[in-house]
file protein-v2.cif (mmCIF, C-alpha atoms)
data_coords
loop_
_atom_site.label_atom_id
_atom_site.label_comp_id
_atom_site.auth_asym_id
_atom_site.auth_seq_id
_atom_site.Cartn_x
_atom_site.Cartn_y
_atom_site.Cartn_z
CA MET A 736 0.00 0.00 0.00
CA SER A 737 1.58 3.22 -1.14
CA ARG A 738 1.73 6.07 1.36
CA GLY A 739 2.40 8.75 -1.23
CA VAL A 740 -0.03 11.00 -3.05
CA SER A 741 -0.84 9.73 -6.54
CA LEU A 742 -1.02 12.08 -9.52
CA GLN A 743 -4.74 11.40 -9.92
CA GLU A 744 -5.41 12.05 -6.24
CA GLY A 745 -3.40 15.27 -6.43
CA GLN A 746 -5.36 16.45 -9.45
CA LEU A 747 -8.69 15.66 -7.80
CA LEU A 748 -7.66 17.51 -4.66
CA ALA A 749 -6.39 20.50 -6.64
CA ARG A 750 -9.73 20.73 -8.47
CA SER A 751 -11.58 20.33 -5.18
CA LEU A 752 -9.59 23.25 -3.77
CA LYS A 753 -10.49 25.31 -6.83
CA VAL A 754 -6.92 25.46 -8.11
CA SER A 755 -8.06 26.34 -11.62
CA ARG A 756 -6.45 27.19 -14.94
CA SER A 757 -6.64 30.83 -13.90
CA THR A 758 -4.52 30.06 -10.85
CA HIS A 759 -2.02 28.23 -13.04
CA LEU A 760 -1.96 31.13 -15.50
CA VAL A 761 -1.36 33.71 -12.77
CA VAL A 762 1.53 31.71 -11.33
CA ALA A 763 3.10 30.96 -14.73
CA SER A 764 2.76 34.48 -16.14
CA VAL A 765 4.11 36.24 -13.04
CA ALA A 766 7.03 33.81 -12.86
CA ALA A 767 7.69 34.29 -16.59
CA ALA A 768 7.64 38.08 -16.35
CA VAL A 769 10.00 38.20 -13.39
CA ALA A 770 12.34 35.61 -14.89
CA ALA A 771 12.47 37.27 -18.32
CA ASN A 772 13.45 40.64 -16.89
CA ALA A 773 16.00 39.14 -14.57
CA ALA A 774 17.60 36.87 -17.17
CA ALA A 775 18.05 39.83 -19.53
CA ALA A 776 19.32 42.19 -16.85
CA ILE A 777 21.76 39.66 -15.37
CA GLN A 778 23.75 39.70 -18.60
CA LEU A 779 24.01 43.48 -18.57
CA THR A 780 25.40 43.85 -15.09
CA GLY A 781 28.36 42.77 -12.96
CA PRO A 782 28.58 40.03 -10.28
CA VAL A 783 27.15 42.17 -7.47
CA GLY A 784 24.22 43.24 -9.59
CA GLN A 785 23.63 39.64 -10.64
CA ILE A 786 23.50 38.46 -7.06
CA ALA A 787 21.17 41.32 -6.18
CA LEU A 788 18.87 40.41 -9.07
CA LEU A 789 18.74 36.73 -8.09
CA ALA A 790 17.97 37.72 -4.50
CA LEU A 791 15.22 40.01 -5.76
CA ILE A 792 13.71 37.18 -7.82
CA PHE A 793 13.76 34.90 -4.82
CA VAL A 794 12.09 37.37 -2.47
CA THR A 795 9.39 38.58 -4.86
CA LEU A 796 8.42 35.16 -6.19
CA ALA A 797 8.46 33.62 -2.70
CA ALA A 798 6.15 36.38 -1.46
CA GLY A 799 3.84 35.94 -4.46
CA THR A 800 3.55 32.16 -4.32
CA SER A 801 3.13 32.28 -0.54
CA ALA A 802 0.19 34.67 -0.99
CA ILE A 803 -1.35 32.49 -3.72
CA SER A 804 -1.13 29.29 -1.66
CA SER A 805 -2.51 31.06 1.43
CA ASP A 806 -5.40 32.32 -0.69
CA ILE A 807 -6.13 28.80 -1.97
CA TYR A 808 -6.32 27.47 1.58
CA ALA A 809 -8.33 30.42 2.86
CA ARG A 810 -11.06 30.33 0.23
CA SER A 811 -11.32 26.54 0.44
CA SER A 812 -11.39 26.18 4.21
CA GLN A 813 -14.81 24.48 4.22
CA THR A 814 -13.78 22.16 1.40
CA ILE A 815 -10.63 21.28 3.32
CA ALA A 816 -12.75 20.42 6.38
CA ASN A 817 -14.98 18.25 4.18
CA LEU A 818 -12.01 16.46 2.63
CA ARG A 819 -10.47 15.94 6.07
CA SER A 820 -13.72 14.33 7.23
CA LEU A 821 -13.29 11.80 4.41
CA GLY A 822 -9.75 10.98 5.46
CA ALA A 823 -7.59 13.44 3.52
CA SER A 824 -4.31 14.11 5.31
CA SER A 825 -2.71 17.53 5.67
CA ARG A 826 0.17 16.11 3.65
CA SER A 827 -1.98 15.15 0.67
CA LEU A 828 -3.77 18.51 0.70
CA SER A 829 -0.47 20.41 0.96
CA SER A 830 1.05 18.31 -1.81
CA ALA A 831 -1.85 19.04 -4.16
CA VAL A 832 -1.35 22.80 -3.76
CA PHE A 833 2.44 22.53 -3.69
CA PHE A 834 2.76 20.67 -6.97
CA SER A 835 0.08 22.72 -8.74
CA VAL A 836 1.98 25.91 -8.00
CA ILE A 837 5.49 24.53 -8.40
CA VAL A 838 4.90 22.95 -11.80
CA TYR A 839 3.46 26.12 -13.31
CA GLY A 840 5.92 28.38 -11.50
CA VAL A 841 8.89 26.45 -12.85
CA ALA A 842 7.38 26.22 -16.33
CA GLY A 843 6.74 29.97 -16.38
CA SER A 844 10.17 30.86 -15.08
CA ALA A 845 11.86 28.53 -17.59
CA LEU A 846 9.98 30.13 -20.45
CA GLY A 847 10.66 33.64 -19.14
CA ALA A 848 14.33 32.93 -18.47
CA GLY A 849 14.79 31.60 -22.00
CA LEU A 850 13.19 34.65 -23.54
CA GLY A 851 15.04 37.04 -21.23
CA ALA A 852 18.40 35.41 -21.85
CA THR A 853 17.88 35.65 -25.59
CA LEU A 854 16.96 39.31 -25.24
CA GLY A 855 20.00 40.01 -23.07
CA PHE A 856 22.25 38.24 -25.55
CA VAL A 857 20.81 40.25 -28.46
CA LEU A 858 21.20 43.49 -26.50
CA GLY A 859 24.93 42.76 -26.15
CA GLY A 860 25.15 41.11 -22.77
CA GLN A 861 28.56 40.46 -21.23
CA GLY A 862 30.02 36.99 -21.63
CA GLY A 863 28.12 35.85 -24.75
CA ALA A 864 26.29 32.54 -25.03
CA VAL A 865 27.89 31.01 -21.95
CA SER A 866 26.68 33.90 -19.83
CA ALA A 867 23.21 33.56 -21.31
CA VAL A 868 23.06 29.87 -20.37
CA VAL A 869 24.30 30.64 -16.86
CA ALA A 870 21.68 33.38 -16.55
CA VAL A 871 18.92 30.95 -17.57
CA LEU A 872 20.04 28.32 -15.09
CA GLY A 873 20.51 30.83 -12.26
CA VAL A 874 17.10 32.39 -12.79
CA ILE A 875 15.33 29.01 -13.03
CA LEU A 876 17.04 27.80 -9.87
CA ALA A 877 16.21 30.97 -7.95
CA SER A 878 12.60 30.94 -9.19
CA SER A 879 12.07 27.28 -8.36
CA ALA A 880 13.53 27.68 -4.89
CA ALA A 881 11.40 30.79 -4.36
CA ALA A 882 8.20 29.02 -5.49
CA ALA A 883 8.90 26.05 -3.24
CA ALA A 884 9.72 28.25 -0.24
CA GLY A 885 6.69 30.46 -0.88
CA VAL A 886 4.17 27.63 -1.17
CA TYR A 887 5.63 25.91 1.86
CA ALA A 888 5.44 29.12 3.91
CA GLY A 889 1.87 29.77 2.75
CA GLY A 890 0.84 26.25 3.71
CA ARG A 891 2.54 26.45 7.09
CA ARG A 892 0.82 29.73 7.86
CA SER A 893 -2.55 28.35 6.84
CA TRP A 894 -2.27 25.05 8.73
CA SER A 895 -0.96 26.67 11.89
CA GLY A 896 -3.62 29.41 11.65
CA MET B 1351 -25.83 14.61 34.89
CA GLU B 1352 -26.25 11.80 32.46
CA ARG B 1353 -28.66 12.77 29.75
CA LEU B 1354 -28.54 9.64 27.68
CA ARG B 1355 -29.82 6.16 28.31
CA ILE B 1356 -27.08 3.66 28.78
CA ILE B 1357 -27.19 0.56 26.66
CA GLU B 1358 -25.32 -2.71 26.55
CA ARG B 1359 -23.28 -1.75 29.57
CA ASN B 1360 -20.57 -4.14 30.67
CA GLU B 1361 -21.94 -7.23 28.98
CA PRO B 1362 -19.16 -9.79 29.68
CA ALA B 1363 -19.89 -11.93 26.62
CA ALA B 1364 -19.67 -8.90 24.41
CA GLN B 1365 -16.12 -7.92 25.38
CA LYS B 1366 -14.05 -7.07 22.31
CA LYS B 1367 -17.23 -7.11 20.29
CA PHE B 1368 -17.93 -3.43 20.56
CA SER B 1369 -17.84 -1.11 17.62
CA VAL B 1370 -17.95 1.98 19.82
CA GLU B 1371 -16.99 2.28 23.48
CA VAL B 1372 -17.70 5.57 25.22
CA LYS B 1373 -15.85 5.85 28.52
CA HIS B 1374 -16.74 8.66 30.91
CA VAL B 1375 -17.03 11.18 28.12
CA SER B 1376 -17.90 14.79 28.77
CA LYS B 1377 -18.30 17.47 26.15
CA SER B 1378 -18.62 21.21 26.65
CA TYR B 1379 -18.52 24.26 24.44
CA GLY B 1380 -17.12 26.95 26.71
CA GLU B 1381 -19.45 27.09 29.70
CA THR B 1382 -22.18 25.09 27.98
CA GLU B 1383 -22.14 21.46 28.94
CA ILE B 1384 -23.44 19.12 26.25
CA TYR B 1385 -22.70 15.72 27.80
CA SER B 1386 -21.37 14.73 31.17
CA ASP B 1387 -19.82 11.39 32.09
CA LEU B 1388 -21.35 9.33 29.32
CA HIS B 1389 -20.43 5.67 29.58
CA PHE B 1390 -21.78 3.03 27.24
CA GLN B 1391 -20.89 0.64 24.44
CA LEU B 1392 -22.40 -0.24 21.10
CA LEU B 1393 -22.15 -3.85 19.97
CA ARG B 1394 -20.72 -4.57 16.56
CA GLY B 1395 -23.48 -5.02 14.03
CA THR B 1396 -26.06 -3.09 15.99
CA PHE B 1397 -28.42 -0.51 14.48
CA VAL B 1398 -29.00 2.40 16.83
CA ALA B 1399 -31.15 5.45 16.28
CA LEU B 1400 -30.47 8.58 18.33
CA VAL B 1401 -33.49 10.81 18.72
CA GLY B 1402 -34.15 14.03 20.59
CA PRO B 1403 -35.04 17.67 20.15
CA ILE B 1404 -33.22 19.91 17.71
CA GLY B 1405 -30.14 21.37 19.38
CA SER B 1406 -29.84 18.61 21.95
CA GLY B 1407 -26.36 17.50 20.87
CA LYS B 1408 -27.16 14.55 18.59
CA THR B 1409 -24.82 15.73 15.86
CA THR B 1410 -22.14 16.43 18.45
CA MET B 1411 -22.24 12.81 19.56
CA LEU B 1412 -22.10 11.54 15.99
CA ASN B 1413 -19.18 13.85 15.26
CA MET B 1414 -17.34 12.58 18.33
CA PHE B 1415 -17.78 8.99 17.11
CA ALA B 1416 -16.38 10.06 13.74
CA GLY B 1417 -13.49 11.87 15.41
CA LEU B 1418 -14.55 15.18 13.91
CA GLU B 1419 -14.96 16.61 17.39
CA ARG B 1420 -12.98 15.60 20.43
CA PRO B 1421 -14.55 15.11 23.85
CA THR B 1422 -13.59 17.56 26.57
CA SER B 1423 -12.67 14.58 28.73
CA GLY B 1424 -12.99 10.80 28.59
CA THR B 1425 -12.18 8.25 25.94
CA ILE B 1426 -13.90 6.95 22.83
CA LEU B 1427 -12.81 3.66 21.29
CA VAL B 1428 -13.97 2.85 17.78
CA MET B 1429 -13.36 -0.74 16.66
CA GLY B 1430 -11.01 -1.03 19.63
CA GLN B 1431 -8.91 2.03 18.65
CA ASP B 1432 -8.73 5.03 20.97
CA ILE B 1433 -9.62 7.85 18.60
CA THR B 1434 -9.29 10.53 21.28
CA GLU B 1435 -5.52 10.03 21.32
CA MET B 1436 -4.98 10.00 17.56
CA SER B 1437 -3.42 12.86 15.63
CA ASP B 1438 -5.60 14.58 13.04
CA ASP B 1439 -3.84 12.77 10.18
CA ALA B 1440 -4.02 9.38 11.91
CA LEU B 1441 -7.71 10.01 12.52
CA GLY B 1442 -8.23 10.83 8.87
CA GLU B 1443 -6.55 7.61 7.80
CA PHE B 1444 -8.59 5.65 10.34
CA ARG B 1445 -11.82 7.30 9.19
CA ALA B 1446 -11.09 6.57 5.53
CA SER B 1447 -10.92 2.84 6.21
CA THR B 1448 -13.33 2.37 9.11
CA ILE B 1449 -16.14 4.92 9.12
CA GLY B 1450 -18.70 5.89 6.51
CA LEU B 1451 -20.19 9.26 7.30
CA VAL B 1452 -23.33 10.88 5.92
CA PRO B 1453 -23.46 14.34 7.48
CA GLN B 1454 -26.61 16.44 7.68
CA VAL B 1455 -25.04 19.28 5.74
CA GLN B 1456 -23.88 18.35 2.24
CA THR B 1457 -20.13 17.94 2.08
CA LEU B 1458 -19.84 16.84 -1.53
CA ILE B 1459 -17.35 18.69 -3.71
CA PRO B 1460 -19.54 20.61 -6.18
CA GLU B 1461 -16.83 20.91 -8.87
CA LEU B 1462 -16.31 17.15 -9.15
CA THR B 1463 -18.48 14.53 -10.85
CA VAL B 1464 -20.58 11.99 -8.96
CA ARG B 1465 -17.97 9.30 -9.64
CA GLU B 1466 -15.06 11.47 -8.49
CA ASN B 1467 -16.85 12.39 -5.27
CA VAL B 1468 -17.62 8.77 -4.47
CA GLU B 1469 -14.05 7.79 -5.31
CA LEU B 1470 -12.40 10.29 -2.95
CA PRO B 1471 -12.37 8.16 0.23
CA LEU B 1472 -10.80 5.31 -1.75
CA HIS B 1473 -7.92 7.57 -2.77
CA PHE B 1474 -7.38 8.54 0.86
CA ALA B 1475 -7.49 4.86 1.89
CA LYS B 1476 -4.83 4.18 -0.81
CA ILE B 1477 -6.96 1.70 -2.74
CA ASP B 1478 -5.51 0.86 -6.17
CA GLN B 1479 -7.21 2.06 -9.36
CA GLU B 1480 -8.73 -1.27 -10.39
CA ASN B 1481 -10.38 -1.78 -7.02
CA ARG B 1482 -11.49 1.86 -6.91
CA GLN B 1483 -13.26 1.39 -10.23
CA ARG B 1484 -14.92 -1.82 -9.11
CA LYS B 1485 -16.05 -0.46 -5.74
CA VAL B 1486 -17.43 2.76 -7.20
CA ASP B 1487 -19.36 0.93 -9.94
CA TYR B 1488 -20.79 -1.47 -7.38
CA VAL B 1489 -21.96 1.17 -4.91
CA LEU B 1490 -23.39 3.48 -7.60
CA GLU B 1491 -25.38 0.55 -8.94
CA LYS B 1492 -26.48 -0.38 -5.43
CA VAL B 1493 -27.76 3.12 -4.66
CA GLY B 1494 -29.30 3.41 -8.12
CA ILE B 1495 -27.35 6.38 -9.49
CA ARG B 1496 -24.87 4.69 -11.81
CA GLY B 1497 -26.43 6.48 -14.76
CA GLU B 1498 -25.54 9.81 -13.16
CA SER B 1499 -21.88 9.00 -12.56
CA ARG B 1500 -20.51 11.57 -15.03
CA ARG B 1501 -22.69 14.43 -13.86
CA ILE B 1502 -21.14 17.34 -12.01
CA VAL B 1503 -22.50 17.31 -8.47
CA SER B 1504 -23.55 20.98 -8.52
CA THR B 1505 -26.17 20.08 -11.18
CA LEU B 1506 -27.90 17.47 -8.99
CA SER B 1507 -31.05 17.94 -6.91
CA VAL B 1508 -30.82 17.91 -3.11
CA GLY B 1509 -32.16 14.37 -2.99
CA GLU B 1510 -29.72 13.16 -5.63
CA LYS B 1511 -26.84 14.72 -3.71
CA GLN B 1512 -27.96 12.86 -0.62
CA MET B 1513 -27.87 9.61 -2.59
CA VAL B 1514 -24.31 10.42 -3.68
CA SER B 1515 -23.42 11.03 -0.02
CA PHE B 1516 -24.74 7.57 0.80
CA ALA B 1517 -22.75 6.02 -2.00
CA ARG B 1518 -19.61 7.81 -0.84
CA ALA B 1519 -20.13 6.69 2.76
CA MET B 1520 -20.56 3.06 1.77
CA VAL B 1521 -18.02 2.80 -1.03
CA ASN B 1522 -15.19 1.50 1.12
CA ASP B 1523 -17.42 -1.02 2.86
CA PRO B 1524 -16.78 0.49 6.31
CA PRO B 1525 -17.69 -1.56 9.40
CA ILE B 1526 -19.41 1.52 10.88
CA LEU B 1527 -21.87 3.84 9.20
CA LEU B 1528 -22.75 7.15 10.88
CA LEU B 1529 -25.70 9.06 9.47
CA ASP B 1530 -27.05 12.44 10.51
CA GLU B 1531 -30.74 12.88 9.64
CA PRO B 1532 -30.27 10.75 6.51
CA THR B 1533 -33.82 10.78 5.18
CA GLU B 1534 -34.54 14.47 5.76
CA ALA B 1535 -33.86 15.62 2.17
CA LEU B 1536 -35.22 12.55 0.43
CA ASP B 1537 -38.54 11.96 -1.30
CA PRO B 1538 -40.46 8.87 -0.10
CA LEU B 1539 -39.13 6.66 -2.90
CA MET B 1540 -35.48 7.58 -2.31
CA ALA B 1541 -35.99 7.18 1.44
CA GLU B 1542 -37.34 3.68 0.86
CA VAL B 1543 -34.27 2.77 -1.19
CA ILE B 1544 -31.92 4.04 1.52
CA LEU B 1545 -33.84 2.41 4.37
CA GLY B 1546 -33.78 -0.87 2.46
CA LEU B 1547 -30.02 -0.58 1.97
CA LEU B 1548 -29.43 0.19 5.63
CA ARG B 1549 -31.55 -2.73 6.73
CA GLY B 1550 -29.83 -5.06 4.27
CA ASP B 1551 -26.31 -3.92 5.19
CA ASN B 1552 -27.06 -4.25 8.88
CA LEU B 1553 -28.59 -7.70 8.61
CA THR B 1554 -26.40 -9.33 5.97
CA LEU B 1555 -23.07 -7.53 6.33
CA GLY B 1556 -23.26 -6.93 10.07
CA ARG B 1557 -22.45 -3.27 9.60
CA THR B 1558 -22.87 -1.11 12.70
CA ILE B 1559 -25.27 1.72 11.96
CA PHE B 1560 -25.66 4.78 14.17
CA VAL B 1561 -28.18 7.32 12.98
CA THR B 1562 -29.62 10.55 14.31
CA THR B 1563 -33.17 11.03 13.14
CA HIS B 1564 -36.62 12.47 13.59
CA ASP B 1565 -38.04 9.99 11.09
CA ARG B 1566 -40.31 7.35 12.58
CA ARG B 1567 -39.50 4.96 9.69
CA VAL B 1568 -35.84 4.99 10.75
CA THR B 1569 -36.52 4.42 14.45
CA GLU B 1570 -38.83 1.53 13.58
CA LEU B 1571 -36.01 -0.01 11.57
CA ALA B 1572 -33.42 0.41 14.32
CA ARG B 1573 -32.80 -2.32 16.88
CA LYS B 1574 -32.33 0.23 19.65
CA THR B 1575 -33.33 3.82 20.16
CA LEU B 1576 -31.39 6.24 22.32
CA ARG B 1577 -33.16 9.37 23.42
CA VAL B 1578 -31.50 12.65 24.31
CA LYS B 1579 -34.03 14.16 26.64
CA LYS B 1580 -33.13 17.78 27.07
CA LYS B 1581 -32.42 20.65 24.79
CA ILE B 1582 -29.15 22.38 25.57
CA PRO B 1583 -29.82 25.77 27.18
#

call {"tool": "encode", "arguments": {"input": "protein-v2.cif", "output": "structure tokens"}}
result
Amino acid sequence: MSRGVSLQEGQLLARSLKVSRSTHLVVASVAAAVAANAAAAIQLTGPVGQIALLALIFVTLAAGTSAISSDIYARSSQTIANLRSLGASSRSLSSAVFFSVIVYGVAGSALGAGLGATLGFVLGGQGGAVSAVVAVLGVILASSAAAAAGVYAGGRRSWSG
Amino acid sequence: MERLRIIERNEPAAQKKFSVEVKHVSKSYGETEIYSDLHFQLLRGTFVALVGPIGSGKTTMLNMFAGLERPTSGTILVMGQDITEMSDDALGEFRASTIGLVPQVQTLIPELTVRENVELPLHFAKIDQENRQRKVDYVLEKVGIRGESRRIVSTLSVGEKQMVSFARAMVNDPPILLLDEPTEALDPLMAEVILGLLRGDNLTLGRTIFVTTHDRRVTELARKTLRVKKKIP
């Protein structure tokens, strides 16, 4: 007997919690916008500026995804109580929100980072193609970590509240 | 003050045959005392109806048996397991495999189909897909709503939703079924179907059934009737 949360169960729970296409679109588009700007700008600045930009990505995306996950829990509090009465664990509910947000956050940031890196390269970014690749990887890593930290923090705040 | 009749108390032959054991349970909301020092057991396979005035704490008792509310003091054992000591997640897991619950207020997920709603407890009990399919088909057929399985729940009538709740409560074949005013929203025909199912499950499967009700048809069906005498002030 598996103790994990299956994909089908996660999808059912996400739909139950009203994690809709609109939610996915908000997460993906915000992540893409932030990542595109950062990936372009990283190539046009020095090491200190690059670190500052990555830190900025982390903080803003973590705050955004934390707010989105808190909102999902808050507007679905009755549904969560109903699902708990059927046997849903806090882990399965958290996982459903976590993966919904993470998947679209990472997809959006990857798309945005690719576009931004191309733009930075075209605009004459320092370091050429290698720098562009590094910018893409750095931005995706920072965005993914931010999304994970944000959703986790939002979930923690909601469960403890 | 003990406000509930005590049944099946300390029957030696029935040791380890109880589905629910209530041991010196008290329940209060703030200063308002709902139950004080309740002590009784329900035999496995019994069919008990709990009756009493509105607001007398019937739903509170049912919720305590389901582990949805915890007693202020005392212990409740369900199928030999002390549910008052379980964590919320352990309780959820226990409920998914042991208790079928039909609450008075609809708790179906309106965005999901009939089939998906009925399937939910099986996911939580970690039943594999093949068995989920089989169990859901069986229970939808049994309740008579298999033809509605693809409908979104929000499009169903109140009575149809209640039938889905029944199907969901019974889908995992739980040894205990807890029902809160189950026939209230049903037309006579649907009520007959449900009463027939309850009687059949109780007699042939030995399922313990605990039901709060104002419906005379349900109390006549039950083997025992508990009466909460007073309305909570």

call {"tool": "atom_distance", "arguments": {"input": "protein-v2.cif", "atom1": "CA of Thr1563 in chain B", "atom2": "CA of Thr1463 in chain B"}}
result
28.3 Å

call {"tool": "residues_around", "arguments": {"input": "protein-v2.cif", "residues": "Val1514 in chain B", "least_positions_apart": "3", "cutoff": "12 Å", "atoms": "all atoms listed in the file", "output": "ChimeraX atom specification"}}
result
/B:1451-1453,1456-1460,1462-1470,1486,1489-1499,1501-1504,1506-1511,1517-1521,1532,1536,1540,1544

call {"tool": "interface_residues", "arguments": {"input": "protein-v2.cif", "of": "chain B", "to": "chain A", "cutoff": "6 Å", "atoms": "only C-alpha atoms", "output": "PyMOL selection string"}}
result
chain B and resi 1439+1442-1443+1445-1446+1457+1471+1474

call {"tool": "write_last_selection", "arguments": {"input": "protein-v2.cif", "atoms": "C-alpha atoms", "output": "CSV table (one decimal), in the coordinates of the input"}}
result
chain,number,residue,atom,x,y,z
B,1439,ASP,CA,-3.8,12.8,10.2
B,1442,GLY,CA,-8.2,10.8,8.9
B,1443,GLU,CA,-6.6,7.6,7.8
B,1445,ARG,CA,-11.8,7.3,9.2
B,1446,ALA,CA,-11.1,6.6,5.5
B,1457,THR,CA,-20.1,17.9,2.1
B,1471,PRO,CA,-12.4,8.2,0.2
B,1474,PHE,CA,-7.4,8.5,0.9

call {"tool": "atom_distance", "arguments": {"input": "protein-v2.cif", "atom1": "CA of Asn1413 in chain B", "atom2": "CA of Ala1475 in chain B"}}
result
19.9 Å

call {"tool": "closest_residue", "arguments": {"input": "protein-v2.cif", "among": "A:Val832, A:Ile807, A:Ala775, A:Ala883", "to": "Ala852 in chain A", "atoms": "only C-alpha atoms"}}
result
A:Ala775

call {"tool": "atom_distance", "arguments": {"input": "protein-v2.cif", "atom1": "CA of Glu1381 in chain B", "atom2": "CA of Val1561 in chain B"}}
result
27.3 Å

call {"tool": "closest_residue", "arguments": {"input": "protein-v2.cif", "among": "A:Gly847, A:Gly890, A:Gly840, A:Gly885", "to": "Leu828 in chain A", "atoms": "only C-alpha atoms"}}
result
A:Gly890

call {"tool": "residues_around", "arguments": {"input": "protein-v2.cif", "residues": "range 801-804 of chain A", "least_positions_apart": "6", "cutoff": "12 Å", "atoms": "all atoms listed in the file", "output": "short mmCIF file (atom, residue, chain, number, x, y, z; two decimals) with C-alpha atoms, in the frame of the given file"}}
result
data_model
loop_
_atom_site.label_atom_id
_atom_site.label_comp_id
_atom_site.auth_asym_id
_atom_site.auth_seq_id
_atom_site.Cartn_x
_atom_site.Cartn_y
_atom_site.Cartn_z
CA ALA A 749 -6.39 20.50 -6.64
CA LEU A 752 -9.59 23.25 -3.77
CA LYS A 753 -10.49 25.31 -6.83
CA VAL A 754 -6.92 25.46 -8.11
CA SER A 757 -6.64 30.83 -13.90
CA THR A 758 -4.52 30.06 -10.85
CA HIS A 759 -2.02 28.23 -13.04
CA LEU A 760 -1.96 31.13 -15.50
CA VAL A 761 -1.36 33.71 -12.77
CA VAL A 762 1.53 31.71 -11.33
CA ALA A 763 3.10 30.96 -14.73
CA VAL A 765 4.11 36.24 -13.04
CA PHE A 793 13.76 34.90 -4.82
CA VAL A 794 12.09 37.37 -2.47
CA THR A 795 9.39 38.58 -4.86
CA ARG A 810 -11.06 30.33 0.23
CA SER A 811 -11.32 26.54 0.44
CA LEU A 828 -3.77 18.51 0.70
CA SER A 829 -0.47 20.41 0.96
CA SER A 830 1.05 18.31 -1.81
CA ALA A 831 -1.85 19.04 -4.16
CA VAL A 832 -1.35 22.80 -3.76
CA PHE A 833 2.44 22.53 -3.69
CA PHE A 834 2.76 20.67 -6.97
CA SER A 835 0.08 22.72 -8.74
CA VAL A 836 1.98 25.91 -8.00
CA ILE A 837 5.49 24.53 -8.40
CA GLY A 840 5.92 28.38 -11.50
CA ALA A 881 11.40 30.79 -4.36
CA ALA A 882 8.20 29.02 -5.49
CA ALA A 883 8.90 26.05 -3.24
CA ALA A 884 9.72 28.25 -0.24
CA GLY A 885 6.69 30.46 -0.88
CA VAL A 886 4.17 27.63 -1.17
CA TYR A 887 5.63 25.91 1.86
CA ALA A 888 5.44 29.12 3.91
CA GLY A 889 1.87 29.77 2.75
CA GLY A 890 0.84 26.25 3.71
CA ARG A 891 2.54 26.45 7.09
CA ARG A 892 0.82 29.73 7.86
CA SER A 893 -2.55 28.35 6.84
CA TRP A 894 -2.27 25.05 8.73
#

call {"tool": "decode", "arguments": {"input": "protein-v2.cif", "residues": "range 823-836 of chain A", "atoms": "N, CA and C atoms", "output": "compact mmCIF listing (two decimals), in the first residue's frame"}}
result
# COMPACT_ATOMS: atom_id res chain seq x y z
N ALA A 823 -8.74 12.78 4.16
CA ALA A 823 -7.59 13.44 3.52
C ALA A 823 -6.59 13.91 4.59
N SER A 824 -5.32 13.68 4.34
CA SER A 824 -4.31 14.11 5.31
C SER A 824 -3.83 15.51 4.95
N SER A 825 -3.25 16.20 5.94
CA SER A 825 -2.71 17.53 5.67
C SER A 825 -1.62 17.44 4.62
N ARG A 826 -0.92 16.30 4.61
CA ARG A 826 0.17 16.11 3.65
C ARG A 826 -0.37 16.03 2.21
N SER A 827 -1.45 15.28 2.03
CA SER A 827 -1.98 15.15 0.67
C SER A 827 -2.56 16.48 0.19
N LEU A 828 -3.21 17.21 1.09
CA LEU A 828 -3.77 18.51 0.70
C LEU A 828 -2.65 19.49 0.37
N SER A 829 -1.61 19.51 1.20
CA SER A 829 -0.47 20.41 0.96
C SER A 829 0.21 20.05 -0.36
N SER A 830 0.36 18.76 -0.60
CA SER A 830 1.05 18.31 -1.81
C SER A 830 0.29 18.75 -3.06
N ALA A 831 -1.05 18.67 -2.99
CA ALA A 831 -1.85 19.04 -4.16
C ALA A 831 -1.61 20.50 -4.52
N VAL A 832 -1.59 21.37 -3.51
CA VAL A 832 -1.35 22.80 -3.76
C VAL A 832 0.11 23.01 -4.17
N PHE A 833 1.00 22.37 -3.46
CA PHE A 833 2.44 22.53 -3.69
C PHE A 833 2.79 22.23 -5.15
N PHE A 834 2.36 21.06 -5.62
CA PHE A 834 2.76 20.67 -6.97
C PHE A 834 2.04 21.48 -8.05
N SER A 835 0.78 21.87 -7.77
CA SER A 835 0.08 22.72 -8.74
C SER A 835 0.84 24.01 -8.97
N VAL A 836 1.30 24.62 -7.88
CA VAL A 836 1.98 25.91 -8.00
C VAL A 836 3.40 25.73 -8.52
